[in-house]
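Chemist: Mind having a look at this structure? Questions to follow.
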Amino acid sequence: MSAKDLYHEAIKSLAAADTGHGRLEAPDGRATLDNPLCGDRVEMEAQLAQGRVAALAHRVKGCLLCRAAASVIGKRAPGASAEEIERLTADLTDMLERQRPPPAGWEELSAFAPVHAHRSRYGCVLLPFKALLAALRAARS
Amino acid sequence: MSAKDLYHEAIKSLAAADTGHGRLEAPDGRATLDNPLCGDRVEMEAQLAQGRVAALAHRVKGCLLCRAAASVIGKRAPGASAEEIERLTADLTDMLERQRPPPAGWEELSAFAPVHAHRSRYGCVLLPFKALLAALRAARS
Amino acid sequence: MSFDPAALRRQFPLLAGDPELHYLDNAATAQLPQAVLDALVAHETHARANVQRGSYPLAEGATEAYERARESVRRFLNAGRADEVVFTSGTTAAINVFAHAFGARLAAGDEIVITRAEHHSNFVPWQLLRERRGAALRVLPLAGDGRIDLARLAEAVTARCRLIAITHASNVTGALTDLAAVVSAARAVGARVLVDGAQAAQHGPLDVQRLGVDAYAFSGHKCFGPNGVGVLWVRRELLESLPPVFAGGGMVGRVSLEETTFADAPARFEAGTPPIAQAVGLAAALEWMLSLPWAEIRAHEERLARRLLAALAGMDDVAILGPRETRERLPIVAFNLRGIHSHDLTQVLGDGGVCLRGGHHCAQPLHAAFGVEASVRASFALYNDDADIDALIAGLAAARRTLR
Amino acid sequence: MSFDPAALRRQFPLLAGDPELHYLDNAATAQLPQAVLDALVAHETHARANVQRGSYPLAEGATEAYERARESVRRFLNAGRADEVVFTSGTTAAINVFAHAFGARLAAGDEIVITRAEHHSNFVPWQLLRERRGAALRVLPLAGDGRIDLARLAEAVTARCRLIAITHASNVTGALTDLAAVVSAARAVGARVLVDGAQAAQHGPLDVQRLGVDAYAFSGHKCFGPNGVGVLWVRRELLESLPPVFAGGGMVGRVSLEETTFADAPARFEAGTPPIAQAVGLAAALEWMLSLPWAEIRAHEERLARRLLAALAGMDDVAILGPRETRERLPIVAFNLRGIHSHDLTQVLGDGGVCLRGGHHCAQPLHAAFGVEASVRASFALYNDDADIDALIAGLAAARRTLR
Ligand SMILES: Cc1ncc(COP(=O)(O)O)c(C=O)c1O
Ligand SMILES: Cc1ncc(COP(=O)(O)O)c(C=O)c1O
């Protein structure tokens with residue numbers, strides 16, 4: 001598994017698109033999460049409506065993998081329920097750790113399949129998802 | 001160097017003689033020293049007259065080497081000055097560590113020459129001397 | 001797998017290299033099998049790198065090996081989760097870290113129960129905590145048979161009790177502690193139980209979930225692993241609640257001049273570069289242990305202990321410390337020969353290749369309870385056999401001749 | 001002895017076994033020479049026993065080996081006495097032990113001076129001490145060139161200052177600290193100086209007496225020794241005055257239920273079974289280092305650093321952290337490639353066998369001072385050569401292609 005496999009075009013264009021980047025005017029919840037290993041930081045803001053993500057925005061200081069993951073969130077998370085995001089994060093973890101198929105409906109996540117070979121980078125992919133979960137928790141409480 | 005060399009008759013009879021064992025009625029100084037490695041304990045009492053050991057007494061919970069050393073003290077220390085005891089202890093240390101000849105006037109200490117090969121036992125021989133030095137310091141202050 | 005102590009002995013280079021050596025100081029340190037040495041050497045020659053912060057393949061490999069080692073410890077302890085396993089430099093460090101972390105939330109008047117049978121490493125840290133936090137210590141005494149007097153638990157464990165810190169087995173008498181009784185006494189008042197497993201870990205895999213305790217400490221070097229590594233296992237919910245003790249690289253979240261946040265456990269308790277090669281070696285030792293037939297080994301060790309106890313009981317100048325039977329004990333036997341100091345005795349025995357430890361074995365309060373300063377201790381491991389006991393008995397006879 | 005990096009490289013089994021490996025993460029951990037591995041294996045196969053309390057020949061031998069290791073450290077540091085050397089599990093443990101022991105006598109309002117260039121291991125322990133004891137921290141900033149701004153010493157070191165805790169060299173910028181200036185500022189107010197020597201120790205024997213400092217900490221694994229061992233050296237008169245931190249076997253005098261007395265230093269600070277085999281391995285590493293021609297090695301390392309600095313200075317998408325010259329620096333160079341994250345970069349480099357570390361290198365306050373979160377770091381040791389730099393430069397070109 002070479003770094004070329006890791007940094008293929010799909011990942012790079014996801015990161016470049018940076019879908020969802022920005023701030024919300026009036027978020028219901030926000031969270032800032034750090035990756036203690038590299039100092040990366042994800043700030044995530046979300047609005048909820050009827051238990052579903054109505055809007056979100058993120059700002060990411062991070063690596064390509066982290067930015068690409070945040071971009072997938074920006075594209076797919078609106079409309080999802082907090083429970084769906086939770087299940088999805090578990091599925092994504094399984095995909096990374098155990099080479100399971102990508103979660104249904106979030107096909108972009110298959111771009112991260114090669115990360116399986118690099119345990120030290122799992123955290124990079126998961127950080128935006130954990131930040132989103134934290135923001136949703138904050139929104140509900 | 002075998003244990004037979006260590007535990008020769010001279011050492012055993014010194015230990016058995018236990019010269020100086022007991023208590024003083026009115027010691028000028030006393031000290032109790034432990035060997036932290038084995039829990040051995042030497043209690044030493046001394047009386048001083050004109051800077052010299054006028055009388056001493058010890059009680060030793062310890063191994064053969066420790067008891068034999070205390071016995072040599074009981075025999076030789078009376079009459080010696082604190083400075084002489086200090087020099088002697090340094091010479092004895094040298095004898096153990098560097099196989100130097102035994103200190104002049106304390107020929108019994110040559111019985112401890114084989115201890116040289118057993119660094120873990122140096123402390124057993126030296127403990128009564130250190131206790132004596134501590135008792136003399138206590139007597140002078 | 002069928003069990004043959006001689007075959008096991010051949011797996012230990014130090015023992016294989018010296019057939020005349022009768023190593024009976026296993027409670028102080030166990031020897032190292034070739035498989036563990038190989039794992040250490042393989043790690044240093046193929047996988048050496050710092051962990052956790054590197055993304056080149058060598059560093060990724062070292063990190064994975066280190067985390068796999070945590071999983072081996074989990075299996076050995078049958079812990080619920082690998083992230084309950086904190087690597088330390090040994091049992092002593094593990095207990096001290098726990099004492100500092102757990103102690104940080106104690107108030108004056110809170111009580112900690114320890115026992116007279118403890119090794120200094122599970123005794124003095126609590127005395128220091130008493131000084132630091134004003135907590136009170138209650139010390140369970142020994143019963144007439146030399147075991148910890150658990151009949152006094154009800155009295156010692158009051159509503160103010162926050163922790164019982166107790167040994168799984170005495171490193172002097174070999175007596176095993178009935179942890180079920182301890183745990184239920186603790187639960188009754190909402191106290192926690194920390195177990196010093198330094199001795200127990202050498203005698204087979206454990207089950208911390210079945211024991212029901214909250215924290216467990218042991219050392220690599222006493223269970224056929226390297227020096228310089230040990231384990232503090234703490235039940236997740238308790239571990240998560242504890243503050244860090246030592247600080248440095250690897251245990252922080254965000255560090256700024258004003259304030260610092262800390263990483264989740266177990267990283268929070270592993271400040272600095274951990275003992276990576278040693279953890280890998282410990283994992284090899286524990287995996288090796290997990291592959292052994294422990295029912296047979298325990299029976300073998302018990303038989304050796306019984307034979308030695310019987311032989312000593314037949315000598316009228318011998319006083320055994322603690323229980324004389326093999327029920328609920330490890331194969332550790334401490335005794336004194338009348339009129340002969342323990343260090344003189346071990347010196348003469350050592351001369352004949354019989355390795356026993358003399359002294360207080362870092363258990364002065366226990367020795368004081370028996371009215372002695374010191375003792376000699378024979379401790380058996382899985383590679384010992386009858387020849388070791390023969391040599392010990394012959395050595396005692398020689399010592400009587402030499403030392404009296 | 002004449003110096004040939006290729007010959008040295010052949011002494012390192014991991015490097016010799018993989019000619020395509022360009023190991024440039026020496027600041028994180030150095031590789032292990034065969035001589036040290038041999039010493040470790042020899043110890044475990046011929047001399048393994050617990051120390052200090054055994055009087056059979058194997059235990060006496062292990063104790064002597066352990067104490068000889070202390071003497072090797074003394075020689076490496078040119079310390080006055082071997083009993084000023086405390087073995088710990090690493091630099092981080094050494095600094096934390098010192099922080100606890102020294103900190104025990106601080107009062108609220110006493111001041112400790114640290115710097116923005118510190119590794120978290122010499123930063124966060126003092127923040128914890130601030131919380132524990134109410135001591136105040138003063139943090140020396142960086143100057144324009146990225147070095148610690150020693151011109152601010154006079155202002156930072158007040159009459160309330162009790163300690164300056166400062167790194168000998170930054171693990172990010174490689175900048176060496178002018179310790180003479182630090183020591184004289186400390187002396188002027190009667191403060192002590194603790195030096196974090198984790199990085200400096202890899203680059204040749206030291207002279208703590210000439211440096212005039214009071215305490216010095218370093219790790220085995222960063223100077224060609226094993227993991228799991230480190231050194232805290234403290235000037236005798238200060239060490240003797242410090243209270244113990246961790247408690248347990250080997251560091252006590254007499255233990256009773258009521259009270260406990262402590263052994264003299266260094267034993268007082270070495271609770272529990274120490275890292276015996278690791279200390280023996282560290283001694284082998286230090287003796288090996290003492291046998292090398294350091295003037296030539298330093299010139300070689302400096303030439304490598306100069307060449308890399310020049311190459312990076314010629315790339316317009318590179319930003320170097322800290323000084324760009326080789327004067328008063330170790331061969332450590334941290335930098336960023338514009339628009340490329342350090343971990344993506346080290347991942348691609350690692351693919352080509354070039355081992356560099358990315359991230360904050362446990363120095364977040366320093367990175368913040370440079371306005372960045374992270375960097376990649378190349379750190380040279382005595383076995384590196386031009387081929388390593390060639391591979392790194394080629395790797396940077398490949399990374400630009402792959403990552404942009
Ligand atoms: C300057 C500095 N100080 C302290 C440390 C901590 O050393 P260790 O992780 O070996 O405890 C390091 C290395 O990680 C370092 O570079
Ligand atoms: C019961 C017990 N507890 C604690 C210890 C301390 O273990 P270590 O010295 O490996 O830290 C020992 C062994 O020395 C022991 O036997």
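Identifiers for the structure tokens are assigned positionally: chains receive A, B, ... in sequence, residues are indexed from 1 per chain, and ligands are indexed from 1 in the order shown.
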Pick out the residues no farther than 7 Å from ligand 1, counting only C-alpha atoms and all ligand atoms, and list them as a PyMOL selection string.

Modeler: (chain C and resi 249+272-273) or (chain D and resi 27-28+90-93+118-119+121-122+167+169-171+196-199+219+221-222)

Chemist: From a DSSP pass on the backbone, collect the residues of region 15-73 of chain A flagged as strand (DSSP E) and hand them back as a PyMOL selection string.

Modeler: chain A and resi 29-35+40-49+52-61

Chemist: Quick one: residues within 10 Å of Ala368 (chain C), only C-alpha atoms, excluding same-chain residues fewer than 6 positions away - as a PDB file with N, CA, C and O atoms, in the first residue's frame?

Modeler:
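Output below, filename result_29.pdb:
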```pdb
ATOM      1  N   ARG C 116      -0.763  -5.696  56.813  1.00  0.00           N
ATOM      2  CA  ARG C 116       0.583  -5.921  57.330  1.00  0.00           C
ATOM      3  C   ARG C 116       1.408  -6.819  56.428  1.00  0.00           C
ATOM      4  O   ARG C 116       2.601  -6.969  56.609  1.00  0.00           O
ATOM      5  N   HIS C 360      14.669  -8.839  54.412  1.00  0.00           N
ATOM      6  CA  HIS C 360      13.269  -8.599  54.783  1.00  0.00           C
ATOM      7  C   HIS C 360      12.359  -8.618  53.566  1.00  0.00           C
ATOM      8  O   HIS C 360      11.155  -8.443  53.701  1.00  0.00           O
ATOM      9  N   ALA C 374      14.260 -10.715  59.487  1.00  0.00           N
ATOM     10  CA  ALA C 374      14.573 -11.164  58.135  1.00  0.00           C
ATOM     11  C   ALA C 374      14.269 -12.648  58.009  1.00  0.00           C
ATOM     12  O   ALA C 374      13.932 -13.327  58.977  1.00  0.00           O
TER      13      ALA C 374
ATOM     14  N   VAL D 255      10.832   0.504  57.829  1.00  0.00           N
ATOM     15  CA  VAL D 255       9.404   0.688  57.578  1.00  0.00           C
ATOM     16  C   VAL D 255       8.626   0.109  58.741  1.00  0.00           C
ATOM     17  O   VAL D 255       8.808  -1.060  59.098  1.00  0.00           O
ATOM     18  N   SER D 256       7.785   0.928  59.331  1.00  0.00           N
ATOM     19  CA  SER D 256       6.876   0.393  60.340  1.00  0.00           C
ATOM     20  C   SER D 256       5.523   1.019  60.101  1.00  0.00           C
ATOM     21  O   SER D 256       5.378   1.937  59.289  1.00  0.00           O
TER      22      SER D 256
END
```

Chemist: Please provide as a PyMOL selection string all residues within 7 Å of region 89-102 of chain B, with the sequence filter that same-chain residues fewer than 6 positions apart are discarded (counting only C-alpha atoms).

Modeler: chain B and resi 109-110+113+115-116+122+129

Chemist: Output the selection as a compact mmCIF listing (two decimals), in the first residue's frame - N, CA, C and O atoms for each residue.

Modeler:
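File again-v9.txt, as written:
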```
# COMPACT_ATOMS: atom_id res chain seq x y z
N LEU B 109 41.12 -7.11 61.88
CA LEU B 109 40.32 -6.77 60.70
C LEU B 109 40.76 -7.52 59.45
O LEU B 109 40.03 -7.61 58.48
N SER B 110 41.97 -8.08 59.48
CA SER B 110 42.40 -8.86 58.32
C SER B 110 41.48 -10.07 58.11
O SER B 110 41.40 -10.61 57.01
N ALA B 113 39.29 -9.71 55.10
CA ALA B 113 39.84 -9.55 53.75
C ALA B 113 39.03 -10.29 52.68
O ALA B 113 38.79 -9.75 51.59
N VAL B 115 36.00 -10.65 52.35
CA VAL B 115 34.74 -9.97 52.02
C VAL B 115 34.91 -9.13 50.74
O VAL B 115 33.94 -8.83 50.06
N HIS B 116 36.14 -8.81 50.42
CA HIS B 116 36.42 -8.05 49.19
C HIS B 116 35.63 -8.57 47.99
O HIS B 116 35.12 -7.82 47.18
N TYR B 122 29.80 -5.59 52.04
CA TYR B 122 30.63 -4.53 52.63
C TYR B 122 29.87 -3.83 53.75
O TYR B 122 30.41 -3.53 54.82
N PHE B 129 30.97 0.17 62.50
CA PHE B 129 31.90 1.30 62.50
C PHE B 129 31.15 2.62 62.29
O PHE B 129 31.43 3.62 62.94
```

Chemist: Using only C-alpha atoms, select each residue of chain C with any atom at most 7 Å away from an atom of chain D, and give the selection as a PyMOL selection string.

Modeler: chain C and resi 13-14+28-29+31-32+44-46+48-50+54-57+89+92+96+120-122+124-125+227-228+246-249+255-257+271-272+274-277+343+346-347+350-351+355+357-358+362+364-365
